[in-house]
Amino acid sequence: MSADPSWMICEHCDSVFSRTALLPGQRAECTRCGAVLARGGRMSVSTHFALSVTAALLFVFTNTLPLISIHMEGLSNEVTLWKSVEALVTGPIVPIAIVAGLTTILVPLLQILLLCWLLGFAHVGCVAPYFRSCMRMLEHMRPWSMLEVCLLGILVAIVKLSGMLDVHPGLGLWTLAMQTVLLILIADKGICGLWDDLEGELT
Ligand SMILES: [Zn+2]
C-alpha cells in the first residue's frame, strides 16, 4: 500500500487520519469509534455514471408501470407509485401523502438528477457547475430517500392482501427493487470519492 499525503476525517468522532490507498476488499476503520472511513476498490466514475443513467430510466418505469394489480369479483385495479401518493392526497391523511411523495418520488428523483449532473461532467474530466452545493445536497438527501422502506411496505401489503384478494406484483415492483439497489450503490459514500478524483480541477 502507498501512503497518500492528504487527510481524512471520521464523520462520527472527528478524528483525523492520514489517507492510505486501499486495495479492493479492504476497508479503513476509525481506531477511536470503529466507523468505516473508506472502502477499497470503489467503482470508477464511468461505472457510476452508467448506473446513474440506468437509475434514471428505472425511475421512469417505476413511476409509470403498476406496482401491484388487484383483482376481485371481475373488477381489477392497478396501482402505480404516483397513483398511491395521489390517493393519499385525496384522503384525510395529507401529511402522510407529503412524506410518502417526498421520500419515494421527489428525493430519489433529485438524487438521480444530481448524480447524472455531477458524474456526467466528471466522466469527461470536468467539474460540474455548482459542484460543492450539489455534493452537499446529495449528502443531506441520503437519509430522506426511503425506497427500501417503500419496497418493504409494498411486499408486506401484497402478503397481507393476498389472503383476501387476488393480488399480483406488477412490473413496476421489479423496477422499484432494481432502482433501490442502484441508488444504494451509487449514492452511498463512494460518490464522495469525486472530491479526490477532481481535486486538481477544484479551485
Ligand atoms: Zn471515529
# chains A, B, ... in the order shown; residues from 1 in each chain; ligands from 1
$ residues_near_ligand --ligand "ligand 1" --cutoff "12 Å" --atoms "only C-alpha atoms and all ligand atoms" --output "MDAnalysis selection string"
chainID A and resid 8:17 28:38
$ write_last_selection --atoms "N, CA, C and O atoms" --output "PDB file, in the first residue's frame"
ATOM      1  N   MET A   8      -8.018  12.368   6.072  1.00  0.00           N
ATOM      2  CA  MET A   8      -9.456  12.123   6.085  1.00  0.00           C
ATOM      3  C   MET A   8      -9.955  12.176   7.525  1.00  0.00           C
ATOM      4  O   MET A   8      -9.224  11.839   8.464  1.00  0.00           O
ATOM      5  N   ILE A   9     -11.204  12.638   7.656  1.00  0.00           N
ATOM      6  CA  ILE A   9     -11.785  12.872   8.985  1.00  0.00           C
ATOM      7  C   ILE A   9     -12.930  11.903   9.221  1.00  0.00           C
ATOM      8  O   ILE A   9     -13.763  11.689   8.338  1.00  0.00           O
ATOM      9  N   CYS A  10     -12.977  11.322  10.397  1.00  0.00           N
ATOM     10  CA  CYS A  10     -14.081  10.429  10.751  1.00  0.00           C
ATOM     11  C   CYS A  10     -15.337  11.284  10.963  1.00  0.00           C
ATOM     12  O   CYS A  10     -15.323  12.233  11.745  1.00  0.00           O
ATOM     13  N   GLU A  11     -16.418  10.938  10.244  1.00  0.00           N
ATOM     14  CA  GLU A  11     -17.658  11.717  10.351  1.00  0.00           C
ATOM     15  C   GLU A  11     -18.307  11.589  11.722  1.00  0.00           C
ATOM     16  O   GLU A  11     -19.124  12.414  12.110  1.00  0.00           O
ATOM     17  N   HIS A  12     -17.970  10.515  12.445  1.00  0.00           N
ATOM     18  CA  HIS A  12     -18.654  10.240  13.710  1.00  0.00           C
ATOM     19  C   HIS A  12     -17.953  10.836  14.922  1.00  0.00           C
ATOM     20  O   HIS A  12     -18.606  11.224  15.887  1.00  0.00           O
ATOM     21  N   CYS A  13     -16.608  10.906  14.910  1.00  0.00           N
ATOM     22  CA  CYS A  13     -15.926  11.407  16.115  1.00  0.00           C
ATOM     23  C   CYS A  13     -14.880  12.476  15.799  1.00  0.00           C
ATOM     24  O   CYS A  13     -14.165  12.919  16.690  1.00  0.00           O
ATOM     25  N   ASP A  14     -14.797  12.879  14.506  1.00  0.00           N
ATOM     26  CA  ASP A  14     -13.890  13.958  14.077  1.00  0.00           C
ATOM     27  C   ASP A  14     -12.410  13.641  14.246  1.00  0.00           C
ATOM     28  O   ASP A  14     -11.579  14.548  14.240  1.00  0.00           O
ATOM     29  N   SER A  15     -12.072  12.365  14.407  1.00  0.00           N
ATOM     30  CA  SER A  15     -10.647  12.009  14.445  1.00  0.00           C
ATOM     31  C   SER A  15     -10.057  12.175  13.045  1.00  0.00           C
ATOM     32  O   SER A  15     -10.736  11.955  12.047  1.00  0.00           O
ATOM     33  N   VAL A  16      -8.804  12.560  12.997  1.00  0.00           N
ATOM     34  CA  VAL A  16      -8.145  12.806  11.714  1.00  0.00           C
ATOM     35  C   VAL A  16      -7.100  11.723  11.460  1.00  0.00           C
ATOM     36  O   VAL A  16      -6.335  11.360  12.354  1.00  0.00           O
ATOM     37  N   PHE A  17      -7.098  11.190  10.246  1.00  0.00           N
ATOM     38  CA  PHE A  17      -6.147  10.139   9.876  1.00  0.00           C
ATOM     39  C   PHE A  17      -5.488  10.499   8.548  1.00  0.00           C
ATOM     40  O   PHE A  17      -6.077  11.195   7.722  1.00  0.00           O
ATOM     41  N   ALA A  28     -10.940   0.936   5.598  1.00  0.00           N
ATOM     42  CA  ALA A  28     -10.264   1.650   6.681  1.00  0.00           C
ATOM     43  C   ALA A  28     -11.284   1.972   7.758  1.00  0.00           C
ATOM     44  O   ALA A  28     -12.368   2.465   7.454  1.00  0.00           O
ATOM     45  N   GLU A  29     -10.942   1.646   9.016  1.00  0.00           N
ATOM     46  CA  GLU A  29     -11.856   1.914  10.128  1.00  0.00           C
ATOM     47  C   GLU A  29     -11.226   2.888  11.112  1.00  0.00           C
ATOM     48  O   GLU A  29     -10.002   2.901  11.293  1.00  0.00           O
ATOM     49  N   CYS A  30     -12.089   3.690  11.728  1.00  0.00           N
ATOM     50  CA  CYS A  30     -11.622   4.647  12.731  1.00  0.00           C
ATOM     51  C   CYS A  30     -11.147   3.871  13.957  1.00  0.00           C
ATOM     52  O   CYS A  30     -11.856   2.998  14.470  1.00  0.00           O
ATOM     53  N   THR A  31      -9.941   4.170  14.426  1.00  0.00           N
ATOM     54  CA  THR A  31      -9.390   3.452  15.576  1.00  0.00           C
ATOM     55  C   THR A  31     -10.068   3.880  16.877  1.00  0.00           C
ATOM     56  O   THR A  31      -9.982   3.191  17.891  1.00  0.00           O
ATOM     57  N   ARG A  32     -10.750   5.028  16.823  1.00  0.00           N
ATOM     58  CA  ARG A  32     -11.376   5.552  18.044  1.00  0.00           C
ATOM     59  C   ARG A  32     -12.813   5.030  18.222  1.00  0.00           C
ATOM     60  O   ARG A  32     -13.193   4.602  19.295  1.00  0.00           O
ATOM     61  N   CYS A  33     -13.627   5.087  17.117  1.00  0.00           N
ATOM     62  CA  CYS A  33     -15.038   4.696  17.263  1.00  0.00           C
ATOM     63  C   CYS A  33     -15.416   3.505  16.392  1.00  0.00           C
ATOM     64  O   CYS A  33     -16.537   3.003  16.496  1.00  0.00           O
ATOM     65  N   GLY A  34     -14.523   3.059  15.540  1.00  0.00           N
ATOM     66  CA  GLY A  34     -14.794   1.868  14.732  1.00  0.00           C
ATOM     67  C   GLY A  34     -15.596   2.111  13.476  1.00  0.00           C
ATOM     68  O   GLY A  34     -15.908   1.167  12.748  1.00  0.00           O
ATOM     69  N   ALA A  35     -15.960   3.386  13.179  1.00  0.00           N
ATOM     70  CA  ALA A  35     -16.737   3.685  11.966  1.00  0.00           C
ATOM     71  C   ALA A  35     -15.898   3.409  10.718  1.00  0.00           C
ATOM     72  O   ALA A  35     -14.675   3.532  10.745  1.00  0.00           O
ATOM     73  N   VAL A  36     -16.575   3.028   9.635  1.00  0.00           N
ATOM     74  CA  VAL A  36     -15.864   2.782   8.380  1.00  0.00           C
ATOM     75  C   VAL A  36     -15.523   4.124   7.733  1.00  0.00           C
ATOM     76  O   VAL A  36     -16.391   4.958   7.503  1.00  0.00           O
ATOM     77  N   LEU A  37     -14.242   4.333   7.459  1.00  0.00           N
ATOM     78  CA  LEU A  37     -13.792   5.601   6.885  1.00  0.00           C
ATOM     79  C   LEU A  37     -13.768   5.550   5.368  1.00  0.00           C
ATOM     80  O   LEU A  37     -14.114   6.518   4.695  1.00  0.00           O
ATOM     81  N   ALA A  38     -13.362   4.426   4.819  1.00  0.00           N
ATOM     82  CA  ALA A  38     -13.265   4.298   3.358  1.00  0.00           C
ATOM     83  C   ALA A  38     -13.181   2.829   3.006  1.00  0.00           C
ATOM     84  O   ALA A  38     -12.799   1.996   3.822  1.00  0.00           O
TER      85      ALA A  38
END
$ select_by_dssp --residues "region 37-178 of chain A" --states "strand (DSSP E)" --output "number ranges by chain"
A: 37-39, 68-72, 75-79, 166-169
$ write_last_selection --atoms "N, CA, C and O atoms" --output "short mmCIF file (atom, residue, chain, number, x, y, z; two decimals), in the first residue's frame"
data_model
loop_
_atom_site.label_atom_id
_atom_site.label_comp_id
_atom_site.auth_asym_id
_atom_site.auth_seq_id
_atom_site.Cartn_x
_atom_site.Cartn_y
_atom_site.Cartn_z
N LEU A 37 -14.24 4.33 7.46
CA LEU A 37 -13.79 5.60 6.89
C LEU A 37 -13.77 5.55 5.37
O LEU A 37 -14.11 6.52 4.69
N ALA A 38 -13.36 4.43 4.82
CA ALA A 38 -13.27 4.30 3.36
C ALA A 38 -13.18 2.83 3.01
O ALA A 38 -12.80 2.00 3.82
N ARG A 39 -13.59 2.54 1.77
CA ARG A 39 -13.50 1.16 1.27
C ARG A 39 -12.64 1.15 0.02
O ARG A 39 -12.67 2.09 -0.77
N ILE A 68 -48.57 -3.03 -8.16
CA ILE A 68 -49.36 -4.24 -7.88
C ILE A 68 -50.68 -4.15 -8.65
O ILE A 68 -51.17 -3.05 -8.95
N SER A 69 -51.22 -5.29 -8.98
CA SER A 69 -52.56 -5.31 -9.60
C SER A 69 -53.47 -6.16 -8.71
O SER A 69 -53.06 -7.21 -8.19
N ILE A 70 -54.68 -5.64 -8.51
CA ILE A 70 -55.64 -6.28 -7.61
C ILE A 70 -56.88 -6.70 -8.40
O ILE A 70 -57.43 -5.90 -9.16
N HIS A 71 -57.28 -7.94 -8.24
CA HIS A 71 -58.47 -8.45 -8.93
C HIS A 71 -59.46 -8.96 -7.88
O HIS A 71 -59.09 -9.65 -6.94
N MET A 72 -60.74 -8.60 -8.08
CA MET A 72 -61.78 -9.08 -7.14
C MET A 72 -63.13 -9.08 -7.83
O MET A 72 -63.57 -8.03 -8.34
N LEU A 75 -63.62 -7.35 -11.09
CA LEU A 75 -63.07 -5.99 -11.15
C LEU A 75 -61.56 -6.05 -10.95
O LEU A 75 -61.05 -6.90 -10.22
N SER A 76 -60.84 -5.17 -11.61
CA SER A 76 -59.39 -5.15 -11.41
C SER A 76 -58.90 -3.71 -11.31
O SER A 76 -59.52 -2.78 -11.86
N ASN A 77 -57.80 -3.54 -10.60
CA ASN A 77 -57.23 -2.20 -10.42
C ASN A 77 -55.71 -2.33 -10.36
O ASN A 77 -55.18 -3.26 -9.77
N GLU A 78 -55.05 -1.40 -11.01
CA GLU A 78 -53.58 -1.40 -10.99
C GLU A 78 -53.10 -0.15 -10.26
O GLU A 78 -53.60 0.94 -10.51
N VAL A 79 -52.13 -0.34 -9.39
CA VAL A 79 -51.65 0.77 -8.56
C VAL A 79 -50.21 1.12 -8.94
O VAL A 79 -49.33 0.25 -8.92
N ASP A 166 -57.17 -11.18 -4.88
CA ASP A 166 -56.25 -11.74 -5.87
C ASP A 166 -55.23 -10.64 -6.21
O ASP A 166 -55.52 -9.74 -6.99
N VAL A 167 -54.08 -10.70 -5.59
CA VAL A 167 -53.07 -9.64 -5.74
C VAL A 167 -51.84 -10.17 -6.46
O VAL A 167 -51.35 -11.26 -6.13
N HIS A 168 -51.35 -9.40 -7.45
CA HIS A 168 -50.15 -9.81 -8.19
C HIS A 168 -49.14 -8.66 -8.22
O HIS A 168 -49.52 -7.51 -8.43
N PRO A 169 -47.86 -8.97 -8.04
CA PRO A 169 -46.86 -7.91 -8.19
C PRO A 169 -46.76 -7.49 -9.66
O PRO A 169 -46.83 -8.33 -10.54
#
$ residues_around --residues "Val45 (chain A)" --least-positions-apart "4" --cutoff "8 Å" --atoms "only C-alpha atoms" --output "VMD selection string"
chain A and resid 49 119 122 to 123 194
$ closest_residue --among "A:Thr180, A:Ser133, A:Thr90, A:Thr80" --to "Ile112 (chain A)" --atoms "only C-alpha atoms"
A:Thr180
$ residues_around --residues "Trp174 (chain A)" --least-positions-apart "6" --cutoff "12 Å" --atoms "only C-alpha atoms" --output "list of chain:residue names"
A:Leu58, A:Phe59, A:Phe61, A:Thr62, A:Asn63, A:Leu65, A:Pro66, A:Leu67, A:Ile68, A:Leu151, A:Ile154, A:Leu155, A:His168, A:Thr180, A:Val181
$ atom_distance --atom1 "CA of Ala100 (chain A)" --atom2 "CA of Val85 (chain A)"
6.6 Å
$ closest_residue --among "A:Met141, A:Val53, A:Met43, A:Leu173" --to "Trp117 (chain A)" --atoms "only C-alpha atoms"
A:Val53
$ atom_distance --atom1 "CA of Val94 (chain A)" --atom2 "CA of Met178 (chain A)"
28.4 Å
$ residues_around --residues "Ser6 (chain A)" --least-positions-apart "5" --cutoff "9 Å" --atoms "only C-alpha atoms" --output "ChimeraX atom specification"
/A:17-20
$ write_last_selection --atoms "N, CA, C and O atoms" --output "PDB file, in the first residue's frame"
ATOM      1  N   PHE A  17      -7.098  11.190  10.246  1.00  0.00           N
ATOM      2  CA  PHE A  17      -6.147  10.139   9.876  1.00  0.00           C
ATOM      3  C   PHE A  17      -5.488  10.499   8.548  1.00  0.00           C
ATOM      4  O   PHE A  17      -6.077  11.195   7.722  1.00  0.00           O
ATOM      5  N   SER A  18      -4.284  10.008   8.354  1.00  0.00           N
ATOM      6  CA  SER A  18      -3.665  10.180   7.031  1.00  0.00           C
ATOM      7  C   SER A  18      -4.281   9.149   6.092  1.00  0.00           C
ATOM      8  O   SER A  18      -4.553   8.018   6.478  1.00  0.00           O
ATOM      9  N   ARG A  19      -4.538   9.589   4.863  1.00  0.00           N
ATOM     10  CA  ARG A  19      -5.204   8.726   3.899  1.00  0.00           C
ATOM     11  C   ARG A  19      -4.243   7.669   3.372  1.00  0.00           C
ATOM     12  O   ARG A  19      -3.075   7.953   3.123  1.00  0.00           O
ATOM     13  N   THR A  20      -4.747   6.461   3.217  1.00  0.00           N
ATOM     14  CA  THR A  20      -3.943   5.357   2.702  1.00  0.00           C
ATOM     15  C   THR A  20      -4.675   4.699   1.539  1.00  0.00           C
ATOM     16  O   THR A  20      -5.889   4.517   1.601  1.00  0.00           O
TER      17      THR A  20
END
$ atom_distance --atom1 "CA of Leu138 (chain A)" --atom2 "CA of Trp7 (chain A)"
21.9 Å
$ select_by_dssp --residues "region 68-203 of chain A" --states "alpha helix (DSSP H)" --output "PyMOL selection string"
chain A and resi 81-89+94-101+107-123+131-141+147-161+171-186+193-197
$ closest_residue --among "A:Ser145, A:Gln179, A:Thr104, A:Ser84" --to "Ala55 (chain A)" --atoms "only C-alpha atoms"
A:Gln179
$ residues_around --residues "Arg136 (chain A)" --least-positions-apart "3" --cutoff "12 Å" --atoms "only C-alpha atoms" --output "MDAnalysis selection string"
chainID A and resid 111 114:115 118 130:133 139:142 191:192 195
$ write_last_selection --atoms "N, CA, C and O atoms" --output "PDB file, in the first residue's frame"
ATOM      1  N   GLN A 111     -31.951  12.982  -6.335  1.00  0.00           N
ATOM      2  CA  GLN A 111     -30.678  12.252  -6.211  1.00  0.00           C
ATOM      3  C   GLN A 111     -30.167  11.826  -7.586  1.00  0.00           C
ATOM      4  O   GLN A 111     -28.995  12.015  -7.913  1.00  0.00           O
ATOM      5  N   LEU A 114     -29.048  14.852  -9.692  1.00  0.00           N
ATOM      6  CA  LEU A 114     -27.764  15.385  -9.222  1.00  0.00           C
ATOM      7  C   LEU A 114     -26.609  14.451  -9.588  1.00  0.00           C
ATOM      8  O   LEU A 114     -25.534  14.911 -10.009  1.00  0.00           O
ATOM      9  N   LEU A 115     -26.844  13.144  -9.436  1.00  0.00           N
ATOM     10  CA  LEU A 115     -25.790  12.178  -9.779  1.00  0.00           C
ATOM     11  C   LEU A 115     -25.454  12.254 -11.259  1.00  0.00           C
ATOM     12  O   LEU A 115     -24.277  12.255 -11.652  1.00  0.00           O
ATOM     13  N   LEU A 118     -23.483  15.600 -11.844  1.00  0.00           N
ATOM     14  CA  LEU A 118     -22.107  15.576 -11.337  1.00  0.00           C
ATOM     15  C   LEU A 118     -21.240  14.578 -12.107  1.00  0.00           C
ATOM     16  O   LEU A 118     -20.114  14.885 -12.533  1.00  0.00           O
ATOM     17  N   TYR A 130     -21.568  24.402  -9.855  1.00  0.00           N
ATOM     18  CA  TYR A 130     -22.178  24.231  -8.523  1.00  0.00           C
ATOM     19  C   TYR A 130     -21.826  22.872  -7.901  1.00  0.00           C
ATOM     20  O   TYR A 130     -22.633  22.271  -7.191  1.00  0.00           O
ATOM     21  N   PHE A 131     -20.601  22.375  -8.195  1.00  0.00           N
ATOM     22  CA  PHE A 131     -20.182  21.053  -7.722  1.00  0.00           C
ATOM     23  C   PHE A 131     -20.335  20.910  -6.211  1.00  0.00           C
ATOM     24  O   PHE A 131     -20.941  19.955  -5.712  1.00  0.00           O
ATOM     25  N   ARG A 132     -19.809  21.886  -5.468  1.00  0.00           N
ATOM     26  CA  ARG A 132     -19.819  21.776  -3.999  1.00  0.00           C
ATOM     27  C   ARG A 132     -21.251  21.740  -3.447  1.00  0.00           C
ATOM     28  O   ARG A 132     -21.582  20.927  -2.592  1.00  0.00           O
ATOM     29  N   SER A 133     -22.114  22.636  -3.975  1.00  0.00           N
ATOM     30  CA  SER A 133     -23.502  22.679  -3.494  1.00  0.00           C
ATOM     31  C   SER A 133     -24.214  21.371  -3.814  1.00  0.00           C
ATOM     32  O   SER A 133     -24.971  20.840  -2.980  1.00  0.00           O
ATOM     33  N   GLU A 139     -25.488  14.662  -0.010  1.00  0.00           N
ATOM     34  CA  GLU A 139     -25.196  14.154   1.337  1.00  0.00           C
ATOM     35  C   GLU A 139     -26.396  14.359   2.261  1.00  0.00           C
ATOM     36  O   GLU A 139     -26.772  13.468   3.022  1.00  0.00           O
ATOM     37  N   HIS A 140     -27.022  15.570   2.175  1.00  0.00           N
ATOM     38  CA  HIS A 140     -28.162  15.865   3.048  1.00  0.00           C
ATOM     39  C   HIS A 140     -29.403  15.054   2.665  1.00  0.00           C
ATOM     40  O   HIS A 140     -30.246  14.764   3.516  1.00  0.00           O
ATOM     41  N   MET A 141     -29.526  14.707   1.387  1.00  0.00           N
ATOM     42  CA  MET A 141     -30.731  13.996   0.938  1.00  0.00           C
ATOM     43  C   MET A 141     -30.698  12.501   1.234  1.00  0.00           C
ATOM     44  O   MET A 141     -31.733  11.858   1.258  1.00  0.00           O
ATOM     45  N   ARG A 142     -29.485  11.957   1.448  1.00  0.00           N
ATOM     46  CA  ARG A 142     -29.360  10.498   1.591  1.00  0.00           C
ATOM     47  C   ARG A 142     -30.325   9.894   2.635  1.00  0.00           C
ATOM     48  O   ARG A 142     -30.997   8.909   2.357  1.00  0.00           O
ATOM     49  N   ILE A 191     -19.588   7.985  -3.697  1.00  0.00           N
ATOM     50  CA  ILE A 191     -19.670   9.194  -4.524  1.00  0.00           C
ATOM     51  C   ILE A 191     -18.765  10.296  -3.958  1.00  0.00           C
ATOM     52  O   ILE A 191     -18.327  11.190  -4.683  1.00  0.00           O
ATOM     53  N   CYS A 192     -18.474  10.213  -2.659  1.00  0.00           N
ATOM     54  CA  CYS A 192     -17.587  11.213  -2.036  1.00  0.00           C
ATOM     55  C   CYS A 192     -16.186  11.152  -2.648  1.00  0.00           C
ATOM     56  O   CYS A 192     -15.421  12.116  -2.533  1.00  0.00           O
ATOM     57  N   TRP A 195     -14.598  14.033  -4.752  1.00  0.00           N
ATOM     58  CA  TRP A 195     -13.776  15.119  -4.189  1.00  0.00           C
ATOM     59  C   TRP A 195     -12.298  14.857  -4.497  1.00  0.00           C
ATOM     60  O   TRP A 195     -11.551  15.778  -4.821  1.00  0.00           O
TER      61      TRP A 195
END
$ closest_residue --among "A:Leu152, A:Ile158, A:Leu185, A:Ile96" --to "Thr47 (chain A)" --atoms "only C-alpha atoms"
A:Leu185
$ closest_residue --among "A:Pro129, A:Gly153, A:Pro143, A:Gly120" --to "His48 (chain A)" --atoms "only C-alpha atoms"
A:Gly120
$ decode --residues "region 7-70 of chain A" --atoms "C-alpha atoms" --output "PDB file, in the first residue's frame"
ATOM      1  CA  TRP A   7      -6.042  13.539   5.343  1.00  0.00           C
ATOM      2  CA  MET A   8      -9.456  12.123   6.085  1.00  0.00           C
ATOM      3  CA  ILE A   9     -11.785  12.872   8.985  1.00  0.00           C
ATOM      4  CA  CYS A  10     -14.081  10.429  10.751  1.00  0.00           C
ATOM      5  CA  GLU A  11     -17.658  11.717  10.351  1.00  0.00           C
ATOM      6  CA  HIS A  12     -18.654  10.240  13.710  1.00  0.00           C
ATOM      7  CA  CYS A  13     -15.926  11.407  16.115  1.00  0.00           C
ATOM      8  CA  ASP A  14     -13.890  13.958  14.077  1.00  0.00           C
ATOM      9  CA  SER A  15     -10.647  12.009  14.445  1.00  0.00           C
ATOM     10  CA  VAL A  16      -8.145  12.806  11.714  1.00  0.00           C
ATOM     11  CA  PHE A  17      -6.147  10.139   9.876  1.00  0.00           C
ATOM     12  CA  SER A  18      -3.665  10.180   7.031  1.00  0.00           C
ATOM     13  CA  ARG A  19      -5.204   8.726   3.899  1.00  0.00           C
ATOM     14  CA  THR A  20      -3.943   5.357   2.702  1.00  0.00           C
ATOM     15  CA  ALA A  21      -4.564   3.714  -0.659  1.00  0.00           C
ATOM     16  CA  LEU A  22      -6.806   0.679  -0.200  1.00  0.00           C
ATOM     17  CA  LEU A  23      -6.942  -2.459  -2.287  1.00  0.00           C
ATOM     18  CA  PRO A  24     -10.286  -3.979  -3.411  1.00  0.00           C
ATOM     19  CA  GLY A  25     -11.943  -5.670  -0.425  1.00  0.00           C
ATOM     20  CA  GLN A  26     -10.024  -3.655   2.151  1.00  0.00           C
ATOM     21  CA  ARG A  27     -11.604  -1.005   4.356  1.00  0.00           C
ATOM     22  CA  ALA A  28     -10.264   1.650   6.681  1.00  0.00           C
ATOM     23  CA  GLU A  29     -11.856   1.914  10.128  1.00  0.00           C
ATOM     24  CA  CYS A  30     -11.622   4.647  12.731  1.00  0.00           C
ATOM     25  CA  THR A  31      -9.390   3.452  15.576  1.00  0.00           C
ATOM     26  CA  ARG A  32     -11.376   5.552  18.044  1.00  0.00           C
ATOM     27  CA  CYS A  33     -15.038   4.696  17.263  1.00  0.00           C
ATOM     28  CA  GLY A  34     -14.794   1.868  14.732  1.00  0.00           C
ATOM     29  CA  ALA A  35     -16.737   3.685  11.966  1.00  0.00           C
ATOM     30  CA  VAL A  36     -15.864   2.782   8.380  1.00  0.00           C
ATOM     31  CA  LEU A  37     -13.792   5.601   6.885  1.00  0.00           C
ATOM     32  CA  ALA A  38     -13.265   4.298   3.358  1.00  0.00           C
ATOM     33  CA  ARG A  39     -13.503   1.156   1.275  1.00  0.00           C
ATOM     34  CA  GLY A  40     -11.076  -0.053  -1.350  1.00  0.00           C
ATOM     35  CA  GLY A  41     -11.949  -0.904  -4.941  1.00  0.00           C
ATOM     36  CA  ARG A  42     -14.767   1.580  -5.394  1.00  0.00           C
ATOM     37  CA  MET A  43     -16.412   1.869  -8.798  1.00  0.00           C
ATOM     38  CA  SER A  44     -14.955   4.133 -11.467  1.00  0.00           C
ATOM     39  CA  VAL A  45     -16.617   7.411 -12.459  1.00  0.00           C
ATOM     40  CA  SER A  46     -17.718   5.870 -15.783  1.00  0.00           C
ATOM     41  CA  THR A  47     -19.403   2.966 -13.989  1.00  0.00           C
ATOM     42  CA  HIS A  48     -21.095   5.365 -11.569  1.00  0.00           C
ATOM     43  CA  PHE A  49     -22.334   7.467 -14.488  1.00  0.00           C
ATOM     44  CA  ALA A  50     -23.657   4.456 -16.415  1.00  0.00           C
ATOM     45  CA  LEU A  51     -25.508   3.224 -13.315  1.00  0.00           C
ATOM     46  CA  SER A  52     -26.954   6.713 -12.707  1.00  0.00           C
ATOM     47  CA  VAL A  53     -28.387   6.833 -16.247  1.00  0.00           C
ATOM     48  CA  THR A  54     -29.811   3.336 -15.699  1.00  0.00           C
ATOM     49  CA  ALA A  55     -31.367   4.512 -12.423  1.00  0.00           C
ATOM     50  CA  ALA A  56     -32.965   7.445 -14.313  1.00  0.00           C
ATOM     51  CA  LEU A  57     -34.560   5.033 -16.804  1.00  0.00           C
ATOM     52  CA  LEU A  58     -35.729   2.769 -13.984  1.00  0.00           C
ATOM     53  CA  PHE A  59     -37.245   5.797 -12.218  1.00  0.00           C
ATOM     54  CA  VAL A  60     -39.442   6.448 -15.266  1.00  0.00           C
ATOM     55  CA  PHE A  61     -40.581   2.806 -15.375  1.00  0.00           C
ATOM     56  CA  THR A  62     -41.162   2.687 -11.594  1.00  0.00           C
ATOM     57  CA  ASN A  63     -43.458   5.707 -11.734  1.00  0.00           C
ATOM     58  CA  THR A  64     -45.440   4.642 -14.785  1.00  0.00           C
ATOM     59  CA  LEU A  65     -45.717   0.852 -14.545  1.00  0.00           C
ATOM     60  CA  PRO A  66     -48.085  -0.755 -11.988  1.00  0.00           C
ATOM     61  CA  LEU A  67     -46.553  -1.850  -8.696  1.00  0.00           C
ATOM     62  CA  ILE A  68     -49.360  -4.241  -7.877  1.00  0.00           C
ATOM     63  CA  SER A  69     -52.557  -5.315  -9.598  1.00  0.00           C
ATOM     64  CA  ILE A  70     -55.638  -6.282  -7.605  1.00  0.00           C
TER      65      ILE A  70
END
